[in-house]
Amino acid sequence: MRYVIIGNSIASCGCIEGIRKVNLENEIVVISNEPYHVYSRPLISYWLSKKISDDKIYYCPKNYYEKYKVKPILGVKVERVDFEKKKVYLENGEEISYDKLLIATGGKPFIPNIPGLNKKNVFTFIKFDDVKEIDKVICDGMRAIVVGGGLSGLKAAEALTKRGCDVTVVELADRILGSILDNEGAKLVQEELEKHGIKFILKNSVIEIIGYDKVKKVRLQSLEEIPADLVVFSIGVVPNVDIFKDTQLKINRGILVNERMETNIQDVYAAGDVVSAFDMILGENRVIPILPNAYIQGEIAGLNMAGEKTKYDGGFPINSIGFFDIHMMTGGLVNPIDGCEILKRLEEEKKIYRKIYIKEGKILGFMFINSFDRTGMIVDLMRNKVDVSNFKDRLLLDNFGFLDLPKETRKEKIWRS
Amino acid sequence: MIIETKDKTKRRIYPKEEVCIGCHLCEVYCVLAHSGTKDLIKAFKKKDKPTPKVIVEEKEGYYITFALQCRHCDDPLCTKACITGAMHRDDKTGIVVCDEDKCVGCWSCILVCPYGAIRRGENKKVASKCDLCLDAGEPACVQNCPNSALEIVEA
């Protein structure tokens with residue numbers, strides 16, 4: 001029996017550890033086009049801002065592959081998979097057959113097709129190599145344009161600012177962080193980033209990159225031109241499914257999986273940013289590219305590949321992210337839906353914001369800025385669909401805790417743990 | 001065969017809210033136990049106020065108090081949500097620990113811990129959580145609770 005995993009990031013680790021909980025002997029082969037020992041992609045902005053050194057970007061200890069008896073094939077691209085013959089074909093001509101396959105190819109940057117992309121100093125912001133390239137050219141006082149005001153775009157903007165760049169963020173929507181915050185929350189964060197010198201151009205986009213060989217300026221949708229020394233595209237991430245486009249693998253934006261993380265093809269599983277899996281708040285499958293889901297899905301896939309019968313209950317978006325001195329945690333819905341109740345607490349001078357959406361007693365979403373201790377308890381209430389009607393006003397307190405839960409719930413939760 | 005089960009700690013500290021008097025001595029002794037000194041004054045007299053790894057829940061309007069520590073879950077979410085690999089189960093002891101050198105303070109663990117048992121440590125730079133005082137035998141909070149409101153159970 002041979003397990004083959006395409007991808008060498010978080011879902012892959014989840015899968016390896018899932019398999020090894022059940023099976024110590026069978027061969028595990030991990031293939032990645034990146035040449036690195038497994039590292040953490042969310043750490044690239046920390047690396048670029050020099051908050052962490054080279055050795056800290058690695059997600060697992062050096063002896064990881066040995067410890068888990070994994071054969072890594074790194075720096076080699078998978079060309080295609082033949083699901084009939086159960087074989088993976090690599091670009092170097094090698095063929096690897098599998099008994100069970102995990103597709104954990106993650107996401108790839110979405111880049112709009114605009115003129116001038118081939119100029120020097122145009123980057124994306126997903127992989128270790130991206131920040132290594134940026135690091136090579138970056139110097140104090142450079143004018144940087146970050147295209148996209150989402151989670152990774154703003155982490156890029158923060159890191160570039162810390163490295164001395166003069167940063168402008170161009171965002172198509174009318175607010176930053178549209179995937180995790182509403183207008184009020186986004187305004188608080190934008191003000192904080194502006195304090196650190198980051199400029200914002202909203203409701204606009206870059207339509208052309210101008211320069212001879214290097215970037216000199218960018219042209220905006222408004223036809224305005226801004227001088228620039230480097231451009232970072234961070235508009236969004238899409239599932240990396242290119243090599244499966246003309247196969248029988250079912251894809252709807254992401255690879256469709258069932259609750260066992262199986263695809264429509266027998267013995268083929270998928271996990272992480274590449275899948276469209278069950279969202280327990282919306283009640284439908286969708287792509288939720290966040291790290292905890294990647295690990296959990298990978299682990300479920302691994303357990304099932306190794307013969308266990310385990311189900312993925314589903315997930316929903318949750319994020320913990322900070323820029324300079326402002327930190328936020330969010331989860332579930334960003335915008336209210338029909339018939340939901342909105343609880344809110346805003347203290348503008350302290351930049352504290354807590355907002356919660358509740359429908360039929362259940363929490364559907366929350367946004368917490370600068371007040372987030374013990375947020376996991378809120379996420380737990382959501383995950384377990386607990387009726388919070390009797391203590392809902394307490395959810396807005398900084399020190400919400402077990403004392404706010406009914407005695408029985410509290411005791412059962414703690415004593416059963 | 002499940003590899004992990006035998007490695008997991010089965011020790012849990014349970015609070016008894018009926019007898020907790022809210023004195024916060026568990027916090028004091030927790031700080032002392034993790035301070036690297038045996039001198040209480042030295043343990044507290046630091047530039048950054050030390051963070052205890054135990055949380056005493058107490059609120060105005062409630063007559064109840066109790067102390068809570070990391071549950072060292074059998075299937076922890078903090079280790080799965082950690083973006084650095086800092087939060088992990090220690091191979092030797094089977095407890096869930098945070099490698100503070102690796103932690104970058106992204107607080108993903110706080111986002112997912114169902115018990116709210118992980119805190120931002122000193123200076124709010126890295127995650128801080130109960131390690132069951134493994135170096136010292138019986139946990140300091142349990143040992144020093146004047147009313148036996150904390151007990152350690154080996155399940």
# chains A, B, ... in the order shown; residues from 1 in each chain; ligands from 1
>>> interface_residues(of="chain B", to="chain A", cutoff="6 Å", atoms="only C-alpha atoms", output="PyMOL selection string")
chain B and resi 1-3+80-81+84-85+108+110-116
>>> write_last_selection(atoms="N, CA and C atoms", output="PDB file, in the first residue's frame")
ATOM      1  N   MET B   1      -4.105  -0.031  15.550  1.00  0.00           N
ATOM      2  CA  MET B   1      -3.206   0.639  16.500  1.00  0.00           C
ATOM      3  C   MET B   1      -3.240   2.145  16.277  1.00  0.00           C
ATOM      4  N   ILE B   2      -3.520   2.865  17.312  1.00  0.00           N
ATOM      5  CA  ILE B   2      -3.476   4.326  17.217  1.00  0.00           C
ATOM      6  C   ILE B   2      -2.222   4.775  17.952  1.00  0.00           C
ATOM      7  N   ILE B   3      -1.336   5.426  17.243  1.00  0.00           N
ATOM      8  CA  ILE B   3      -0.062   5.805  17.836  1.00  0.00           C
ATOM      9  C   ILE B   3      -0.218   6.785  18.983  1.00  0.00           C
ATOM     10  N   LYS B  80      -3.743  22.344  15.879  1.00  0.00           N
ATOM     11  CA  LYS B  80      -4.098  22.289  14.456  1.00  0.00           C
ATOM     12  C   LYS B  80      -4.207  23.677  13.851  1.00  0.00           C
ATOM     13  N   ALA B  81      -4.517  24.672  14.690  1.00  0.00           N
ATOM     14  CA  ALA B  81      -4.704  26.031  14.172  1.00  0.00           C
ATOM     15  C   ALA B  81      -3.409  26.830  14.198  1.00  0.00           C
ATOM     16  N   THR B  84       2.615  28.327  13.223  1.00  0.00           N
ATOM     17  CA  THR B  84       4.072  28.179  13.262  1.00  0.00           C
ATOM     18  C   THR B  84       4.536  26.769  13.611  1.00  0.00           C
ATOM     19  N   GLY B  85       3.631  25.978  14.179  1.00  0.00           N
ATOM     20  CA  GLY B  85       4.045  24.683  14.706  1.00  0.00           C
ATOM     21  C   GLY B  85       4.532  24.789  16.146  1.00  0.00           C
ATOM     22  N   SER B 108      -3.913  32.490  16.890  1.00  0.00           N
ATOM     23  CA  SER B 108      -4.837  31.527  16.284  1.00  0.00           C
ATOM     24  C   SER B 108      -5.292  30.503  17.318  1.00  0.00           C
ATOM     25  N   ILE B 110      -5.853  31.101  20.464  1.00  0.00           N
ATOM     26  CA  ILE B 110      -6.908  31.735  21.266  1.00  0.00           C
ATOM     27  C   ILE B 110      -8.225  31.724  20.495  1.00  0.00           C
ATOM     28  N   LEU B 111      -8.106  31.845  19.176  1.00  0.00           N
ATOM     29  CA  LEU B 111      -9.296  31.835  18.309  1.00  0.00           C
ATOM     30  C   LEU B 111     -10.047  30.507  18.359  1.00  0.00           C
ATOM     31  N   VAL B 112      -9.341  29.419  18.626  1.00  0.00           N
ATOM     32  CA  VAL B 112      -9.996  28.108  18.559  1.00  0.00           C
ATOM     33  C   VAL B 112     -10.137  27.384  19.897  1.00  0.00           C
ATOM     34  N   CYS B 113      -9.449  27.814  20.938  1.00  0.00           N
ATOM     35  CA  CYS B 113      -9.521  27.067  22.203  1.00  0.00           C
ATOM     36  C   CYS B 113     -10.928  27.161  22.793  1.00  0.00           C
ATOM     37  N   PRO B 114     -11.647  26.036  22.881  1.00  0.00           N
ATOM     38  CA  PRO B 114     -13.032  26.068  23.350  1.00  0.00           C
ATOM     39  C   PRO B 114     -13.144  26.444  24.826  1.00  0.00           C
ATOM     40  N   TYR B 115     -12.038  26.419  25.547  1.00  0.00           N
ATOM     41  CA  TYR B 115     -12.060  26.702  26.983  1.00  0.00           C
ATOM     42  C   TYR B 115     -11.534  28.096  27.302  1.00  0.00           C
ATOM     43  N   GLY B 116     -11.102  28.807  26.291  1.00  0.00           N
ATOM     44  CA  GLY B 116     -10.530  30.124  26.549  1.00  0.00           C
ATOM     45  C   GLY B 116      -9.370  30.016  27.520  1.00  0.00           C
TER      46      GLY B 116
END
>>> select_by_dssp(residues="chain B", states="helix (DSSP H, G or I)", output="PyMOL selection string")
chain B and resi 5-7+25-33+40-44+78-81+108-112+122-124+134-136+140-143
>>> write_last_selection(atoms="C-alpha atoms", output="PDB file, in the first residue's frame")
ATOM      1  CA  THR B   5      -3.328   7.579  22.446  1.00  0.00           C
ATOM      2  CA  LYS B   6      -0.583   6.173  24.586  1.00  0.00           C
ATOM      3  CA  ASP B   7       1.334   9.454  24.401  1.00  0.00           C
ATOM      4  CA  LEU B  25      -3.373  32.256  45.197  1.00  0.00           C
ATOM      5  CA  CYS B  26      -3.343  29.771  42.318  1.00  0.00           C
ATOM      6  CA  GLU B  27      -2.308  32.632  40.046  1.00  0.00           C
ATOM      7  CA  VAL B  28       0.367  33.797  42.447  1.00  0.00           C
ATOM      8  CA  TYR B  29       1.899  30.331  42.790  1.00  0.00           C
ATOM      9  CA  CYS B  30       1.587  29.692  39.059  1.00  0.00           C
ATOM     10  CA  VAL B  31       3.642  32.806  38.360  1.00  0.00           C
ATOM     11  CA  LEU B  32       6.169  31.795  40.989  1.00  0.00           C
ATOM     12  CA  ALA B  33       6.471  28.256  39.630  1.00  0.00           C
ATOM     13  CA  LEU B  40       7.977  35.534  45.341  1.00  0.00           C
ATOM     14  CA  ILE B  41       9.063  39.143  45.278  1.00  0.00           C
ATOM     15  CA  LYS B  42      11.607  38.567  42.540  1.00  0.00           C
ATOM     16  CA  ALA B  43       9.001  36.607  40.561  1.00  0.00           C
ATOM     17  CA  PHE B  44       6.626  39.550  40.496  1.00  0.00           C
ATOM     18  CA  CYS B  78      -4.857  24.808  19.217  1.00  0.00           C
ATOM     19  CA  THR B  79      -2.165  22.583  17.716  1.00  0.00           C
ATOM     20  CA  LYS B  80      -4.098  22.289  14.456  1.00  0.00           C
ATOM     21  CA  ALA B  81      -4.704  26.031  14.172  1.00  0.00           C
ATOM     22  CA  SER B 108      -4.837  31.527  16.284  1.00  0.00           C
ATOM     23  CA  CYS B 109      -4.784  29.243  19.330  1.00  0.00           C
ATOM     24  CA  ILE B 110      -6.908  31.735  21.266  1.00  0.00           C
ATOM     25  CA  LEU B 111      -9.296  31.835  18.309  1.00  0.00           C
ATOM     26  CA  VAL B 112      -9.996  28.108  18.559  1.00  0.00           C
ATOM     27  CA  GLU B 122       4.001  38.802  29.183  1.00  0.00           C
ATOM     28  CA  ASN B 123       4.160  41.801  26.916  1.00  0.00           C
ATOM     29  CA  LYS B 124       1.446  40.147  24.866  1.00  0.00           C
ATOM     30  CA  LEU B 134       5.672  19.028  34.804  1.00  0.00           C
ATOM     31  CA  ASP B 135       9.096  19.972  36.103  1.00  0.00           C
ATOM     32  CA  ALA B 136       7.815  20.377  39.643  1.00  0.00           C
ATOM     33  CA  ALA B 140       1.602  24.663  41.917  1.00  0.00           C
ATOM     34  CA  CYS B 141      -2.002  25.874  41.670  1.00  0.00           C
ATOM     35  CA  VAL B 142      -3.353  22.588  43.038  1.00  0.00           C
ATOM     36  CA  GLN B 143      -0.692  22.329  45.726  1.00  0.00           C
TER      37      GLN B 143
END
>>> atom_distance(atom1="CA of Gly153 in chain A", atom2="CA of Leu230 in chain A")
13.8 Å
>>> atom_distance(atom1="CA of Ile265 in chain A", atom2="CA of Gln248 in chain A")
7.8 Å
>>> select_by_dssp(residues="range 70-292 of chain A", states="strand (DSSP E or B)", output="number ranges by chain")
A: 70-74, 78-82, 87-90, 95-97, 100-103, 107-109, 120, 122-124, 143-147, 166-171, 199-202, 206-210, 214, 217-220, 225-227, 230-233, 237-239, 251-252, 254-256, 262, 268-270, 275-279, 284-286
>>> residues_around(residues="range 115-124 of chain A", least_positions_apart="6", cutoff="6 Å", atoms="only C-alpha atoms", output="ChimeraX atom specification")
/A:208-209,213-215,230-233
>>> atom_distance(atom1="CA of Ile176 in chain A", atom2="CA of Cys82 in chain B")
25.1 Å
>>> closest_residue(among="A:Val287, A:Ile326, A:Val218, A:Ile6", to="Lys195 in chain A", atoms="only C-alpha atoms")
A:Ile326
>>> closest_residue(among="A:Ile358, A:Met367, A:Ala306, A:Val147", to="Pro112 in chain A", atoms="only C-alpha atoms")
A:Val147
>>> residues_around(residues="Asn26 in chain A", least_positions_apart="3", cutoff="8 Å", atoms="only C-alpha atoms", output="NGL selection string")
:A and (1-3 or 23)
>>> closest_residue(among="B:Ile64, B:Ala117, B:Ile55, B:Cys70", to="Ile13 in chain B", atoms="only C-alpha atoms")
B:Cys70
>>> residues_around(residues="Lys216 in chain A", least_positions_apart="5", cutoff="9 Å", atoms="only C-alpha atoms", output="number ranges by chain")
A: 209-211, 226-230
>>> closest_residue(among="A:Leu90, A:Met280, A:Val206, A:Val169", to="Glu224 in chain A", atoms="only C-alpha atoms")
A:Val206
>>> closest_residue(among="A:Asp174, A:Glu408, A:Asp398, A:Asp387", to="Glu360 in chain A", atoms="only C-alpha atoms")
A:Asp387
>>> residues_around(residues="range 70-85 of chain A", least_positions_apart="2", cutoff="6 Å", atoms="only C-alpha atoms", output="count of residues only")
16
>>> residues_around(residues="Thr161 in chain A", least_positions_apart="2", cutoff="10 Å", atoms="only C-alpha atoms", output="PDB file with N, CA and C atoms, in the first residue's frame")
ATOM      1  N   SER A  49       9.201  40.933   7.015  1.00  0.00           N
ATOM      2  CA  SER A  49       9.377  42.079   7.921  1.00  0.00           C
ATOM      3  C   SER A  49      10.507  41.836   8.911  1.00  0.00           C
ATOM      4  N   ASP A 140      15.131  50.829   1.266  1.00  0.00           N
ATOM      5  CA  ASP A 140      14.480  51.917   1.977  1.00  0.00           C
ATOM      6  C   ASP A 140      13.935  52.972   1.016  1.00  0.00           C
ATOM      7  N   GLY A 141      12.731  53.410   1.271  1.00  0.00           N
ATOM      8  CA  GLY A 141      12.178  54.508   0.487  1.00  0.00           C
ATOM      9  C   GLY A 141      11.525  54.095  -0.822  1.00  0.00           C
ATOM     10  N   MET A 142      11.558  52.802  -1.143  1.00  0.00           N
ATOM     11  CA  MET A 142      10.906  52.329  -2.378  1.00  0.00           C
ATOM     12  C   MET A 142       9.412  52.566  -2.322  1.00  0.00           C
ATOM     13  N   ARG A 143       8.855  52.893  -3.474  1.00  0.00           N
ATOM     14  CA  ARG A 143       7.405  53.081  -3.522  1.00  0.00           C
ATOM     15  C   ARG A 143       6.759  51.763  -3.952  1.00  0.00           C
ATOM     16  N   ALA A 144       5.937  51.234  -3.064  1.00  0.00           N
ATOM     17  CA  ALA A 144       5.328  49.933  -3.338  1.00  0.00           C
ATOM     18  C   ALA A 144       3.819  50.086  -3.510  1.00  0.00           C
ATOM     19  N   LYS A 155      -1.153  42.206   5.000  1.00  0.00           N
ATOM     20  CA  LYS A 155       0.052  41.693   5.674  1.00  0.00           C
ATOM     21  C   LYS A 155       1.287  42.067   4.845  1.00  0.00           C
ATOM     22  N   ALA A 156       1.139  42.037   3.511  1.00  0.00           N
ATOM     23  CA  ALA A 156       2.235  42.465   2.640  1.00  0.00           C
ATOM     24  C   ALA A 156       2.519  43.947   2.859  1.00  0.00           C
ATOM     25  N   ALA A 157       1.455  44.749   2.915  1.00  0.00           N
ATOM     26  CA  ALA A 157       1.620  46.196   3.098  1.00  0.00           C
ATOM     27  C   ALA A 157       2.315  46.494   4.425  1.00  0.00           C
ATOM     28  N   GLU A 158       1.924  45.766   5.470  1.00  0.00           N
ATOM     29  CA  GLU A 158       2.538  45.971   6.781  1.00  0.00           C
ATOM     30  C   GLU A 158       4.031  45.640   6.736  1.00  0.00           C
ATOM     31  N   ALA A 159       4.349  44.476   6.143  1.00  0.00           N
ATOM     32  CA  ALA A 159       5.749  44.043   6.092  1.00  0.00           C
ATOM     33  C   ALA A 159       6.589  45.026   5.269  1.00  0.00           C
ATOM     34  N   ARG A 163       9.756  47.460   6.385  1.00  0.00           N
ATOM     35  CA  ARG A 163      11.049  47.429   5.696  1.00  0.00           C
ATOM     36  C   ARG A 163      11.384  48.773   5.061  1.00  0.00           C
ATOM     37  N   GLY A 164      10.595  49.794   5.368  1.00  0.00           N
ATOM     38  CA  GLY A 164      10.951  51.143   4.916  1.00  0.00           C
ATOM     39  C   GLY A 164      10.332  51.587   3.611  1.00  0.00           C
ATOM     40  N   CYS A 165       9.427  50.778   3.060  1.00  0.00           N
ATOM     41  CA  CYS A 165       8.792  51.178   1.798  1.00  0.00           C
ATOM     42  C   CYS A 165       7.672  52.181   2.049  1.00  0.00           C
ATOM     43  N   ASP A 166       7.382  52.928   1.013  1.00  0.00           N
ATOM     44  CA  ASP A 166       6.271  53.861   1.024  1.00  0.00           C
ATOM     45  C   ASP A 166       5.129  53.126   0.300  1.00  0.00           C
ATOM     46  N   VAL A 167       4.120  52.702   1.071  1.00  0.00           N
ATOM     47  CA  VAL A 167       3.159  51.734   0.541  1.00  0.00           C
ATOM     48  C   VAL A 167       1.787  52.352   0.233  1.00  0.00           C
ATOM     49  N   THR A 168       1.274  52.023  -0.940  1.00  0.00           N
ATOM     50  CA  THR A 168      -0.101  52.398  -1.298  1.00  0.00           C
ATOM     51  C   THR A 168      -0.875  51.125  -1.619  1.00  0.00           C
ATOM     52  N   LEU A 193      -3.882  51.664  10.056  1.00  0.00           N
ATOM     53  CA  LEU A 193      -2.835  51.459   9.046  1.00  0.00           C
ATOM     54  C   LEU A 193      -2.366  52.791   8.473  1.00  0.00           C
ATOM     55  N   HIS A 196       0.302  54.509  10.309  1.00  0.00           N
ATOM     56  CA  HIS A 196       1.654  54.005  10.070  1.00  0.00           C
ATOM     57  C   HIS A 196       2.141  54.352   8.666  1.00  0.00           C
ATOM     58  N   GLY A 197       1.413  55.213   7.991  1.00  0.00           N
ATOM     59  CA  GLY A 197       1.896  55.732   6.720  1.00  0.00           C
ATOM     60  C   GLY A 197       1.380  55.033   5.468  1.00  0.00           C
ATOM     61  N   ILE A 198       0.550  53.995   5.642  1.00  0.00           N
ATOM     62  CA  ILE A 198       0.045  53.296   4.460  1.00  0.00           C
ATOM     63  C   ILE A 198      -1.098  54.124   3.846  1.00  0.00           C
TER      64      ILE A 198
END
